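Peer 1: For reference, this is query-v5.txt, and it has compact mmCIF, C-alpha atoms (C1' of nucleotides).
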```
# COMPACT_ATOMS: atom_id res chain seq x y z
CA MET P 1 -96.19 5.47 -87.97
CA ALA P 2 -93.11 3.36 -87.59
CA VAL P 3 -94.18 0.18 -85.83
CA LYS P 4 -90.72 -1.24 -85.85
CA GLU P 5 -88.36 1.20 -84.19
CA ARG P 6 -85.14 -0.07 -85.58
CA ILE P 7 -81.92 0.16 -83.70
CA ARG P 8 -79.18 2.26 -85.18
CA VAL P 9 -76.43 0.22 -86.64
CA GLY P 10 -74.03 2.46 -88.55
CA GLY P 11 -71.72 5.42 -88.14
CA ARG P 12 -71.04 6.70 -84.66
CA SER P 13 -72.79 3.81 -82.91
CA ALA P 14 -70.72 1.24 -84.75
CA ARG P 15 -67.55 3.21 -84.15
CA ILE P 16 -68.18 3.35 -80.44
CA GLN P 17 -69.08 -0.31 -80.25
CA SER P 18 -65.83 -1.37 -81.87
CA ALA P 19 -63.81 1.12 -79.84
CA VAL P 20 -65.26 -0.30 -76.63
CA HIS P 21 -64.79 -3.90 -77.78
CA GLU P 22 -61.18 -3.18 -78.64
CA ALA P 23 -60.61 -1.50 -75.32
CA VAL P 24 -62.01 -4.53 -73.49
CA THR P 25 -59.85 -6.92 -75.48
CA ARG P 26 -56.72 -4.84 -75.06
CA LEU P 27 -57.15 -4.13 -71.36
CA GLY P 28 -58.39 -7.66 -70.74
CA ALA P 29 -55.13 -9.06 -72.07
CA ALA P 30 -53.08 -6.93 -69.70
CA THR P 31 -55.23 -6.94 -66.57
CA PRO P 32 -56.91 -9.62 -64.49
CA ARG P 33 -60.59 -9.71 -65.30
CA ASP P 34 -61.84 -8.65 -61.88
CA GLU P 35 -59.73 -5.51 -61.85
CA LEU P 36 -61.27 -4.04 -64.97
CA THR P 37 -63.83 -1.32 -64.39
CA VAL P 38 -66.32 0.44 -66.60
CA PRO P 39 -64.74 3.89 -66.13
CA GLN P 40 -61.35 2.43 -67.04
CA ILE P 41 -62.67 0.82 -70.23
CA ALA P 42 -64.59 3.97 -71.10
CA ALA P 43 -61.43 6.05 -70.77
CA ALA P 44 -59.44 3.60 -72.91
CA ALA P 45 -62.12 3.69 -75.60
CA GLY P 46 -62.43 7.47 -75.48
CA VAL P 47 -66.05 7.26 -74.40
CA THR P 48 -68.02 8.48 -71.43
CA PRO P 49 -68.90 5.80 -68.85
CA SER P 50 -72.61 6.47 -69.03
CA THR P 51 -72.54 5.42 -72.66
CA ILE P 52 -71.38 1.96 -71.63
CA TYR P 53 -73.87 1.71 -68.81
CA ARG P 54 -76.76 2.72 -71.01
CA ARG P 55 -75.79 0.49 -73.90
CA TRP P 56 -74.65 -2.67 -72.13
CA GLY P 57 -76.03 -2.35 -68.62
CA ASP P 58 -73.07 -3.69 -66.74
CA LEU P 59 -69.60 -5.16 -67.09
CA SER P 60 -70.70 -8.78 -67.34
CA ALA P 61 -73.08 -8.01 -70.21
CA LEU P 62 -70.33 -6.12 -72.02
CA PHE P 63 -67.87 -8.96 -71.46
CA ALA P 64 -70.39 -11.50 -72.74
CA ASP P 65 -70.99 -9.42 -75.84
CA VAL P 66 -67.27 -9.21 -76.53
CA ALA P 67 -66.83 -12.92 -75.77
CA VAL P 68 -69.39 -14.03 -78.34
CA GLN P 69 -67.70 -11.88 -80.97
CA ARG P 70 -64.34 -13.36 -80.18
CA LEU P 71 -65.61 -16.94 -80.12
CA ARG P 72 -67.21 -16.47 -83.54
CA PRO P 73 -65.19 -18.49 -86.07
CA VAL P 74 -63.43 -16.48 -88.73
CA CYS P 75 -63.49 -19.16 -91.39
CA ASP P 76 -65.05 -22.48 -92.38
CA PRO P 77 -63.55 -25.74 -91.19
CA GLU P 78 -60.69 -26.98 -93.31
CA ASP P 79 -61.57 -29.22 -96.24
CA THR P 80 -59.22 -32.19 -96.02
CA GLY P 81 -60.87 -34.21 -98.76
CA ALA P 82 -62.58 -36.83 -96.61
CA THR P 83 -65.23 -36.75 -93.91
CA ALA P 84 -63.30 -38.65 -91.28
CA SER P 85 -60.29 -36.35 -91.50
CA ASP P 86 -62.51 -33.24 -91.77
CA LEU P 87 -64.16 -34.23 -88.51
CA ARG P 88 -60.88 -35.14 -86.86
CA ALA P 89 -59.26 -31.86 -87.86
CA PHE P 90 -62.24 -29.85 -86.67
CA VAL P 91 -62.53 -31.59 -83.32
CA GLU P 92 -58.79 -31.44 -82.66
CA GLN P 93 -58.75 -27.72 -83.32
CA PHE P 94 -61.92 -27.19 -81.30
CA MET P 95 -60.43 -28.98 -78.29
CA GLU P 96 -57.12 -27.21 -78.63
CA GLU P 97 -58.61 -23.75 -78.87
CA MET P 98 -61.44 -24.06 -76.39
CA SER P 99 -59.26 -25.46 -73.65
CA SER P 100 -56.90 -22.48 -73.73
CA PRO P 101 -57.09 -20.19 -70.70
CA ALA P 102 -58.27 -17.34 -72.89
CA CYS P 103 -61.22 -19.32 -74.26
CA ARG P 104 -62.14 -20.60 -70.83
CA GLU P 105 -62.48 -16.99 -69.73
CA LEU P 106 -64.59 -16.16 -72.75
CA MET P 107 -66.84 -19.14 -72.04
CA ARG P 108 -67.28 -18.01 -68.46
CA ASP P 109 -68.32 -14.60 -69.73
CA VAL P 110 -70.83 -16.21 -72.06
CA PHE P 111 -72.33 -18.50 -69.41
CA SER P 112 -72.65 -15.71 -66.88
CA GLN P 113 -75.49 -14.14 -68.86
CA PRO P 114 -79.07 -15.16 -68.16
CA GLY P 115 -81.54 -15.83 -70.94
CA GLY P 116 -79.49 -18.25 -73.01
CA ALA P 117 -79.22 -15.98 -76.05
CA HIS P 118 -75.44 -15.86 -75.88
CA THR P 119 -74.98 -19.58 -75.31
CA ALA P 120 -77.34 -20.32 -78.18
CA GLN P 121 -75.13 -18.31 -80.51
CA CYS P 122 -72.07 -20.25 -79.40
CA ARG P 123 -73.89 -23.53 -79.94
CA CYS P 124 -74.62 -22.44 -83.50
CA PHE P 125 -70.95 -21.73 -84.14
CA THR P 126 -70.35 -25.44 -83.53
CA THR P 127 -73.40 -26.85 -85.27
CA ASP P 128 -72.85 -24.65 -88.33
CA HIS P 129 -69.38 -26.07 -88.75
CA LEU P 130 -70.59 -29.61 -88.32
CA GLU P 131 -73.32 -28.97 -90.87
CA THR P 132 -70.73 -27.68 -93.31
CA ILE P 133 -68.72 -30.85 -92.87
CA ALA P 134 -71.83 -33.01 -93.18
CA GLU P 135 -72.85 -31.26 -96.40
CA ARG P 136 -69.42 -31.85 -97.85
CA ALA P 137 -69.76 -35.51 -96.98
CA LYS P 138 -73.10 -35.62 -98.77
CA ALA P 139 -71.71 -33.80 -101.80
CA ARG P 140 -68.88 -36.33 -102.00
CA GLY P 141 -71.31 -39.22 -101.71
CA GLU P 142 -69.72 -40.43 -98.46
CA THR P 143 -71.77 -41.99 -95.68
CA PRO P 144 -73.23 -39.15 -93.64
CA PHE P 145 -72.85 -38.77 -89.89
CA ASP P 146 -75.35 -37.69 -87.26
CA ILE P 147 -74.56 -34.18 -86.06
CA ASP P 148 -76.41 -34.73 -82.78
CA GLU P 149 -74.22 -37.76 -82.13
CA VAL P 150 -71.09 -35.69 -82.53
CA ILE P 151 -72.49 -32.96 -80.29
CA ASP P 152 -73.52 -35.41 -77.57
CA HIS P 153 -70.56 -37.76 -77.57
CA VAL P 154 -67.60 -35.75 -78.80
CA ILE P 155 -68.25 -32.05 -78.24
CA ALA P 156 -70.17 -32.39 -74.97
CA PRO P 157 -67.51 -34.47 -73.15
CA ILE P 158 -64.81 -32.03 -74.27
CA ILE P 159 -66.79 -29.03 -73.05
CA TYR P 160 -67.59 -30.85 -69.82
CA HIS P 161 -63.94 -31.47 -69.01
CA ILE P 162 -62.98 -27.93 -69.95
CA LEU P 163 -65.60 -26.56 -67.60
CA TYR P 164 -65.27 -28.97 -64.70
CA GLY P 165 -61.62 -29.91 -64.99
CA GLY P 166 -60.25 -33.19 -63.67
CA ARG P 167 -59.13 -34.76 -66.95
CA LYS P 168 -56.35 -33.89 -69.33
CA LEU P 169 -57.55 -33.34 -72.87
CA THR P 170 -55.13 -35.23 -75.07
CA LEU P 171 -55.20 -36.04 -78.75
CA ASP P 172 -55.64 -39.70 -77.81
CA TYR P 173 -58.75 -38.88 -75.83
CA CYS P 174 -60.04 -36.84 -78.73
CA HIS P 175 -59.50 -39.72 -81.18
CA ALA P 176 -61.14 -42.21 -78.83
CA LEU P 177 -64.26 -40.05 -78.71
CA LEU P 178 -64.35 -39.91 -82.50
CA GLU P 179 -63.76 -43.64 -82.81
CA ARG P 180 -66.76 -44.23 -80.60
CA ILE P 181 -68.96 -42.36 -83.09
CA ARG P 182 -67.74 -44.42 -86.02
CA SER P 183 -68.54 -47.69 -84.31
CA GLN P 184 -72.07 -46.59 -83.46
CA PRO P 185 -75.13 -47.27 -85.63
CA HIS P 186 -76.66 -44.16 -87.27
CA LYS P 187 -80.16 -42.91 -86.69
CA ASN P 188 -80.57 -41.54 -90.22
CA MET O 1 -44.29 -20.11 -34.48
CA ALA O 2 -47.51 -21.20 -36.05
CA VAL O 3 -46.74 -22.02 -39.69
CA LYS O 4 -50.36 -22.81 -40.47
CA GLU O 5 -52.47 -19.81 -39.63
CA ARG O 6 -55.78 -21.52 -39.50
CA ILE O 7 -58.98 -19.80 -40.42
CA ARG O 8 -61.64 -19.45 -37.78
CA VAL O 9 -64.49 -21.81 -38.30
CA GLY O 10 -66.78 -21.69 -35.30
CA GLY O 11 -68.99 -19.35 -33.28
CA ARG O 12 -69.57 -15.88 -34.59
CA SER O 13 -67.91 -16.53 -37.96
CA ALA O 14 -70.10 -19.54 -38.62
CA ARG O 15 -73.18 -17.67 -37.49
CA ILE O 16 -72.50 -14.81 -39.85
CA GLN O 17 -71.73 -17.13 -42.73
CA SER O 18 -75.03 -18.93 -42.42
CA ALA O 19 -76.94 -15.68 -41.85
CA VAL O 20 -75.49 -14.27 -45.06
CA HIS O 21 -76.10 -17.49 -46.98
CA GLU O 22 -79.70 -17.54 -45.83
CA ALA O 23 -80.15 -13.90 -46.74
CA VAL O 24 -78.83 -14.58 -50.26
CA THR O 25 -81.10 -17.58 -50.68
CA ARG O 26 -84.15 -15.79 -49.36
CA LEU O 27 -83.64 -12.56 -51.28
CA GLY O 28 -82.52 -14.48 -54.37
CA ALA O 29 -85.84 -16.29 -54.47
CA ALA O 30 -87.79 -13.03 -54.41
CA THR O 31 -85.60 -10.78 -56.52
CA PRO O 32 -83.98 -11.05 -59.94
CA ARG O 33 -80.31 -11.85 -59.54
CA ASP O 34 -78.97 -8.62 -61.02
CA GLU O 35 -80.99 -6.44 -58.67
CA LEU O 36 -79.43 -7.86 -55.52
CA THR O 37 -76.78 -5.70 -53.90
CA VAL O 38 -74.25 -6.29 -51.16
CA PRO O 39 -75.71 -3.60 -48.85
CA GLN O 40 -79.17 -5.13 -49.30
CA ILE O 41 -77.96 -8.62 -48.42
CA ALA O 42 -75.93 -7.27 -45.51
CA ALA O 43 -79.01 -5.54 -44.11
CA ALA O 44 -81.12 -8.69 -44.49
CA ALA O 45 -78.47 -10.74 -42.70
CA GLY O 46 -78.03 -8.17 -39.92
CA VAL O 47 -74.42 -7.64 -40.86
CA THR O 48 -72.35 -4.68 -41.98
CA PRO O 49 -71.54 -4.52 -45.71
CA SER O 50 -67.80 -4.34 -45.14
CA THR O 51 -67.96 -7.77 -43.52
CA ILE O 52 -69.22 -9.22 -46.79
CA TYR O 53 -66.70 -7.34 -48.88
CA ARG O 54 -63.81 -8.45 -46.70
CA ARG O 55 -64.91 -12.07 -46.45
CA TRP O 56 -66.13 -12.79 -49.97
CA GLY O 57 -64.67 -10.00 -52.06
CA ASP O 58 -67.66 -9.37 -54.30
CA LEU O 59 -71.17 -10.48 -55.11
CA SER O 60 -70.19 -13.09 -57.66
CA ALA O 61 -67.84 -14.84 -55.22
CA LEU O 62 -70.55 -14.85 -52.57
CA PHE O 63 -73.10 -16.20 -55.03
CA ALA O 64 -70.69 -18.93 -56.11
CA ASP O 65 -70.08 -19.91 -52.50
CA VAL O 66 -73.79 -20.15 -51.84
CA ALA O 67 -74.34 -22.00 -55.10
CA VAL O 68 -71.86 -24.77 -54.28
CA GLN O 69 -73.52 -25.26 -50.88
CA ARG O 70 -76.93 -25.52 -52.47
CA LEU O 71 -75.79 -27.88 -55.19
CA ARG O 72 -74.23 -30.21 -52.60
CA PRO O 73 -76.38 -33.33 -52.39
CA VAL O 74 -78.10 -33.92 -49.08
CA CYS O 75 -78.18 -37.69 -49.31
CA ASP O 76 -76.76 -40.68 -51.13
CA PRO O 77 -78.39 -41.87 -54.36
CA GLU O 78 -81.33 -44.18 -53.82
CA ASP O 79 -80.58 -47.89 -53.55
CA THR O 80 -83.06 -49.60 -55.86
CA GLY O 81 -81.53 -53.07 -55.55
CA ALA O 82 -79.90 -53.27 -58.98
CA THR O 83 -77.19 -51.32 -60.77
CA ALA O 84 -79.15 -50.55 -63.91
CA SER O 85 -82.06 -49.08 -61.99
CA ASP O 86 -79.72 -47.29 -59.54
CA LEU O 87 -78.07 -45.57 -62.47
CA ARG O 88 -81.35 -44.81 -64.18
CA ALA O 89 -82.86 -43.31 -61.04
CA PHE O 90 -79.78 -41.21 -60.39
CA VAL O 91 -79.49 -39.87 -63.93
CA GLU O 92 -83.21 -39.14 -64.18
CA GLN O 93 -83.11 -37.15 -60.97
CA PHE O 94 -79.88 -35.42 -61.99
CA MET O 95 -81.39 -34.30 -65.28
CA GLU O 96 -84.66 -33.26 -63.69
CA GLU O 97 -83.02 -31.20 -60.97
CA MET O 98 -80.16 -29.65 -62.90
CA SER O 99 -82.34 -28.46 -65.75
CA SER O 100 -84.59 -26.45 -63.43
CA PRO O 101 -84.26 -22.67 -63.74
CA ALA O 102 -83.00 -22.47 -60.16
CA CYS O 103 -80.15 -24.91 -60.79
CA ARG O 104 -79.23 -23.24 -64.05
CA GLU O 105 -78.74 -20.03 -62.08
CA LEU O 106 -76.63 -21.81 -59.50
CA MET O 107 -74.50 -23.35 -62.23
CA ARG O 108 -73.97 -19.93 -63.78
CA ASP O 109 -72.82 -18.67 -60.40
CA VAL O 110 -70.39 -21.57 -60.10
CA PHE O 111 -68.95 -21.16 -63.58
CA SER O 112 -68.49 -17.43 -63.18
CA GLN O 113 -65.62 -17.97 -60.75
CA PRO O 114 -62.08 -18.25 -62.04
CA GLY O 115 -59.68 -20.90 -60.78
CA GLY O 116 -61.87 -23.96 -61.13
CA ALA O 117 -62.08 -24.75 -57.42
CA HIS O 118 -65.85 -24.38 -57.38
CA THR O 119 -66.45 -26.40 -60.53
CA ALA O 120 -64.15 -29.14 -59.21
CA GLN O 121 -66.34 -29.45 -56.12
CA CYS O 122 -69.44 -29.80 -58.26
CA ARG O 123 -67.76 -32.42 -60.38
CA CYS O 124 -67.06 -34.41 -57.22
CA PHE O 125 -70.69 -34.27 -56.19
CA THR O 126 -71.44 -36.25 -59.34
CA THR O 127 -68.48 -38.61 -59.30
CA ASP O 128 -69.00 -39.41 -55.61
CA HIS O 129 -72.53 -40.53 -56.33
CA LEU O 130 -71.45 -42.59 -59.28
CA GLU O 131 -68.75 -44.20 -57.14
CA THR O 132 -71.32 -45.05 -54.51
CA ILE O 133 -73.47 -46.75 -57.13
CA ALA O 134 -70.43 -48.53 -58.58
CA GLU O 135 -69.41 -49.83 -55.16
CA ARG O 136 -72.88 -51.15 -54.55
CA ALA O 137 -72.67 -52.95 -57.87
CA LYS O 138 -69.38 -54.51 -56.83
CA ALA O 139 -70.76 -55.51 -53.43
CA ARG O 140 -73.69 -57.21 -55.12
CA GLY O 141 -71.40 -59.02 -57.53
CA GLU O 142 -72.93 -57.33 -60.55
CA THR O 143 -70.93 -56.39 -63.61
CA PRO O 144 -69.30 -53.06 -62.90
CA PHE O 145 -69.60 -49.97 -65.10
CA ASP O 146 -67.01 -47.41 -66.09
CA ILE O 147 -67.63 -44.13 -64.26
CA ASP O 148 -65.75 -42.12 -66.87
CA GLU O 149 -68.03 -43.58 -69.53
CA VAL O 150 -71.09 -42.36 -67.66
CA ILE O 151 -69.55 -38.92 -67.16
CA ASP O 152 -68.57 -38.57 -70.80
CA HIS O 153 -71.61 -40.02 -72.50
CA VAL O 154 -74.52 -39.49 -70.13
CA ILE O 155 -73.72 -36.62 -67.76
CA ALA O 156 -71.76 -34.49 -70.22
CA PRO O 157 -74.45 -34.40 -72.93
CA ILE O 158 -77.07 -33.51 -70.33
CA ILE O 159 -74.96 -30.68 -68.94
CA TYR O 160 -74.18 -29.51 -72.47
CA HIS O 161 -77.84 -29.18 -73.39
CA ILE O 162 -78.67 -27.48 -70.13
CA LEU O 163 -75.94 -24.92 -70.70
CA TYR O 164 -76.33 -24.35 -74.42
CA GLY O 165 -80.02 -25.05 -74.87
CA GLY O 166 -81.50 -26.18 -78.16
CA ARG O 167 -82.73 -29.63 -77.13
CA LYS O 168 -85.53 -30.72 -74.84
CA LEU O 169 -84.36 -33.03 -72.10
CA THR O 170 -86.89 -35.84 -72.00
CA LEU O 171 -86.91 -39.14 -70.15
CA ASP O 172 -86.62 -40.88 -73.52
CA TYR O 173 -83.45 -38.98 -74.28
CA CYS O 174 -82.11 -39.84 -70.85
CA HIS O 175 -82.82 -43.55 -71.36
CA ALA O 176 -81.24 -43.51 -74.81
CA LEU O 177 -78.04 -42.13 -73.33
CA LEU O 178 -78.01 -44.86 -70.70
CA GLU O 179 -78.75 -47.54 -73.27
CA ARG O 180 -75.72 -46.41 -75.24
CA ILE O 181 -73.52 -47.12 -72.21
CA ARG O 182 -74.89 -50.63 -71.77
CA SER O 183 -74.20 -51.55 -75.39
CA GLN O 184 -70.63 -50.31 -75.20
CA PRO O 185 -67.63 -52.52 -74.32
CA HIS O 186 -66.02 -51.75 -70.95
CA LYS O 187 -62.45 -50.64 -70.47
CA ASN O 188 -62.03 -52.38 -67.14
C1' DG L 1 -81.24 19.00 -97.67
C1' DC L 2 -84.57 18.65 -93.80
C1' DC L 3 -86.77 16.25 -89.90
C1' DT L 4 -87.23 13.03 -86.29
C1' DT L 5 -85.29 10.79 -82.64
C1' DA L 6 -81.82 7.13 -81.06
C1' DA L 7 -77.73 7.42 -79.02
C1' DA L 8 -73.92 10.08 -77.05
C1' DG L 9 -71.94 13.62 -73.80
C1' DC L 10 -71.86 16.10 -69.48
C1' DA L 11 -72.43 16.79 -64.67
C1' DA L 12 -75.00 16.40 -60.45
C1' DA L 13 -77.03 13.08 -57.35
C1' DT L 14 -77.03 8.67 -55.59
C1' DT L 15 -75.19 4.32 -54.35
C1' DA L 16 -71.61 1.00 -53.77
C1' DT L 17 -66.93 -0.15 -52.29
C1' DT L 18 -62.67 0.49 -49.78
C1' DT L 19 -60.07 1.57 -45.81
C1' DG L 20 -58.31 2.88 -41.11
C1' DC L 21 -59.07 1.99 -36.58
C1' DG L 22 -61.33 0.47 -32.37
C1' DT L 23 -63.88 -3.72 -30.48
C1' DT L 24 -65.28 -8.54 -29.99
C1' DA L 25 -64.63 -13.18 -29.39
C1' DA L 26 -62.22 -17.94 -31.37
C1' DG L 27 -58.96 -20.85 -30.37
C1' DA L 28 -54.40 -21.70 -28.45
C1' DT L 29 -51.50 -22.03 -24.20
C1' DC L 30 -50.62 -22.83 -19.75
C1' DG J 1 -60.89 -22.22 -16.74
C1' DA J 2 -58.16 -17.79 -16.86
C1' DT J 3 -55.22 -15.44 -20.00
C1' DC J 4 -53.38 -14.11 -24.34
C1' DT J 5 -53.12 -13.46 -29.28
C1' DT J 6 -55.17 -12.10 -33.27
C1' DA J 7 -58.77 -13.17 -36.93
C1' DA J 8 -62.90 -11.34 -37.94
C1' DC J 9 -66.35 -7.91 -37.12
C1' DG J 10 -68.49 -3.10 -36.69
C1' DC J 11 -68.38 1.71 -37.56
C1' DA J 12 -67.65 5.74 -40.21
C1' DA J 13 -65.00 8.53 -43.32
C1' DA J 14 -63.00 8.55 -47.89
C1' DT J 15 -63.16 7.06 -52.47
C1' DA J 16 -65.09 5.07 -56.58
C1' DA J 17 -68.80 3.42 -59.40
C1' DT J 18 -73.46 3.92 -61.12
C1' DT J 19 -77.69 6.34 -62.21
C1' DT J 20 -80.19 10.11 -63.98
C1' DG J 21 -81.87 14.58 -66.01
C1' DC J 22 -80.82 17.41 -69.50
C1' DT J 23 -78.29 18.93 -73.72
C1' DT J 24 -76.05 17.95 -77.97
C1' DT J 25 -74.90 15.12 -81.96
C1' DA J 26 -75.71 12.61 -85.94
C1' DA J 27 -78.34 8.11 -88.24
C1' DG J 28 -81.72 6.99 -91.17
C1' DG J 29 -86.16 8.19 -93.31
C1' DC J 30 -88.46 11.46 -96.21
```
Taking this structure as input, can you express it in the form of structure tokens?
Peer 2:
Amino acid sequence: MAVKERIRVGGRSARIQSAVHEAVTRLGAATPRDELTVPQIAAAAGVTPSTIYRRWGDLSALFADVAVQRLRPVCDPEDTGATASDLRAFVEQFMEEMSSPACRELMRDVFSQPGGAHTAQCRCFTTDHLETIAERAKARGETPFDIDEVIDHVIAPIIYHILYGGRKLTLDYCHALLERIRSQPHKN
Amino acid sequence: MAVKERIRVGGRSARIQSAVHEAVTRLGAATPRDELTVPQIAAAAGVTPSTIYRRWGDLSALFADVAVQRLRPVCDPEDTGATASDLRAFVEQFMEEMSSPACRELMRDVFSQPGGAHTAQCRCFTTDHLETIAERAKARGETPFDIDEVIDHVIAPIIYHILYGGRKLTLDYCHALLERIRSQPHKN
DNA sequence: GCCTTAAAGCAAATTATTTGCGTTAAGATC
DNA sequence: GATCTTAACGCAAATAATTTGCTTTAAGGC
């Protein structure tokens, strides 16, 4: 009696998943989002449409799945030798990348899903990096920083302006947000 | 020659718009979002489906339109007699309302639209209220506050945690965010 | 290597979306 | 306030997407 019916993860399933993901990415780059259809993606991936419907449910779920994959960082934040510059480099790159039209689209795909599972993954991409930087600080014996502070007062404003618009995201703005953290008393 | 071909705004058009909006709101309350269909909404509104397709394009655009309407504040922020308590009351209510499951859904609907027109409207709902509170402060001769500061360091963190999850939004947290503003030097 | 069954393919049935055309009624003009 | 123009609606036929029942394939466990 197998209580835990595990999902299949290798071979054909994996091949199809990556074929479909690639098809979405490729077609998505060439076509406006709202003109993509499931049958079109299925054809490009060499798969039958019902496979996509049964596995992902609908287009928005498939897009969200692809978006999380593509937002997943491919490497650790750069080690610049000091905490302040590690943080600065990370936040500058974060702002730069996330405010690109492509990333805005991916974020929209992520937010469109109910349940919060996808957004939680994206949150972890950020917190994991900050934890890496914080651990380096600790290992070097530098004064630590509060990750929640950075999330609330550096990351959150950046995300807010990306989502709602109305403010240009400049390097100066980015540095001002970081400066504000440094001048604030720590909680721990 | 009429250079500006104005869109019709009264009579039948307006009637149909509100009938469809009401149908979406009513059905949306009783049915999970992803089970609603255009034909179903059309029937509930006493309208033909093609009317909805021609006017809104697709479900997500209709949902976004309804969402912006429903997120529009119905009245000015409460006047409590002092700036600090005005701000506190506004932010507490903002956090309370926006973190409800219903508002999360509406926000998802708003973000799902490309172009940023919908999100810009929602941003204005917030900034307008903050401007109202700031003007009251000025009229009373109280020390003014920086609206951008409140957006960046009070509103943005709240929105971030609503969207990404992972932190409980308590009154204490809300007050801590506000306290941080008060202890910060102004720009103007 | 064999067995069980999750996941894929195929095709028919259903449902949603688009489209062409006739009709209604907003809003402009006189 | 009667008339005119045309945006917006309704209807129905044509097209496209989605669901579903059944068959086939191949992961993963033994």
Peer 1: So the first atom is atom CA of Thr31 of chain P and the second is atom CA of Thr119 of chain O; what is the distance between them in Å, to one decimal place?
Peer 2: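 That distance, rounded to one decimal, is 23.3 Å.
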Peer 1: Determine the nearest neighbour of chain P from the options O:Ile159, O:Ala30, O:Ala84, O:Leu178, counting all atoms listed in the file.
Peer 2: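 Smallest separation from chain P among the options: O:Ile159.
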Peer 1: In Å, how far is it from atom CA of Asp128 of chain O to atom CA of Ala156 of chain P?
Peer 2: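 Separation between atom CA of Asp128 of chain O and atom CA of Ala156 of chain P: 20.6 Å.
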Peer 1: Assuming 8 Å of padding per side, give the centre and edge lengths of the axis-aligned box around every listed atom of segment 49-68 of chain P, in Å to one decimal and as JSON.
Peer 2:
```
{"center_x": -71.8, "center_y": -3.8, "center_z": -72.5, "size_x": 25.9, "size_y": 36.5, "size_z": 27.6}
```
Peer 1: Using all atoms listed in the file, give me every residue within 9 Å of (-77.3, 10.4, -56.6) in file coordinates, as a PDB file with C-alpha atoms (C1' of nucleotides), in the coordinates of the input.
Peer 2:
```
ATOM      1  C1'  DA L  12     -75.000  16.400 -60.450  1.00  0.00           C
ATOM      2  C1'  DA L  13     -77.030  13.080 -57.350  1.00  0.00           C
ATOM      3  C1'  DT L  14     -77.030   8.670 -55.590  1.00  0.00           C
ATOM      4  C1'  DT L  15     -75.190   4.320 -54.350  1.00  0.00           C
TER       5       DT L  15
ATOM      6  C1'  DT J  18     -73.460   3.920 -61.120  1.00  0.00           C
ATOM      7  C1'  DT J  19     -77.690   6.340 -62.210  1.00  0.00           C
ATOM      8  C1'  DT J  20     -80.190  10.110 -63.980  1.00  0.00           C
TER       9       DT J  20
END
```
Peer 1: Check every residue of chain J for an atom within 12 Å of chain O, counting only C-alpha atoms (C1' of nucleotides), and provide those that qualify as a ChimeraX atom specification.
Peer 2: /J:5-12
Peer 1: Report as a ChimeraX atom specification all protein, DNA and RNA residues lying within 10 Å of segment 66-80 of chain O, evaluated on only C-alpha atoms (C1' of nucleotides), omitting residues in the same chain fewer than 3 positions from it.
Peer 2: /O:17-18,20-22,24-25,60-63,83-91,93,97-98,103,105-110,118-119,121-122,124-126,128-130,132-133,136
Peer 1: Which protein, DNA or RNA residues are at most 10 Å from (-72.5, -30.2, -69.8) in the file's coordinates when you count all atoms listed in the file, listed as an MDAnalysis selection string?
Peer 2: (chainID P and resid 152 155:164) or (chainID O and resid 151:152 154:164)
Peer 1: Considering all atoms listed in the file, can you say which of L:DT5, L:DT23, L:DT17, L:DT29 comes closest to DT15 of chain J?
Peer 2: L:DT17
Peer 1: As an exercise, work out the distance from atom CA of Leu177 of chain P to atom CA of Val150 of chain P in Å and give it to one decimal place.
Peer 2: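 Interatomic distance, atom CA of Leu177 of chain P to atom CA of Val150 of chain P: 9.0 Å.
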Peer 1: Residues near DC4 of chain J, anyone? I mean within 12 Å using only C-alpha atoms (C1' of nucleotides), not counting same-chain ones fewer than 6 positions away, as a list in words.
Peer 2: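 Here the qualifying residues turn out to be DA26, DG27, DA28, DT29 and DC30 of chain L.
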Peer 1: For chain O, which of P:Glu96, P:Asp172, P:Glu142, P:Asp58 is the closest residue, counting only C-alpha atoms?
Peer 2: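 Nearest candidate to chain O out of P:Glu96, P:Asp172, P:Glu142, P:Asp58: P:Asp58.
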Peer 1: Near chain P, meaning an atom within 7 Å, which residues of chain L appear when counting only C-alpha atoms (C1' of nucleotides)? Write them as a PyMOL selection string.
Peer 2: chain L and resi 6+8-9
Peer 1: Let me make sure I understand: among O:Ala82, O:Ala64, O:Ala137, O:Ala42, which one has the smallest atom-to-atom distance to chain P if we use all atoms listed in the file?
Peer 2: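 That would be O:Ala64, the residue with the smallest distance to chain P.
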Peer 1: Extract, using only C-alpha atoms (C1' of nucleotides), all DNA, RNA and protein residues at most 10 Å from DT23 of chain J, discarding same-chain residues fewer than 2 positions from it, and format them as a ChimeraX atom specification.
Peer 2: /L:9-10 /J:21,25
Peer 1: Rank O:Ala14, O:Ala23, O:Ala134, O:Ile181 by their smallest atom-to-atom distance to chain P, using all atoms listed in the file, and report the top residue only.
Peer 2: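 That would be O:Ile181, the residue with the smallest distance to chain P.
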Peer 1: Which one is closest to chain P: O:Ala120, O:Met95, O:Ala139, O:Leu27? Count all atoms listed in the file.
Peer 2: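 Using all atoms listed in the file, chain P sits closest to O:Ala120.
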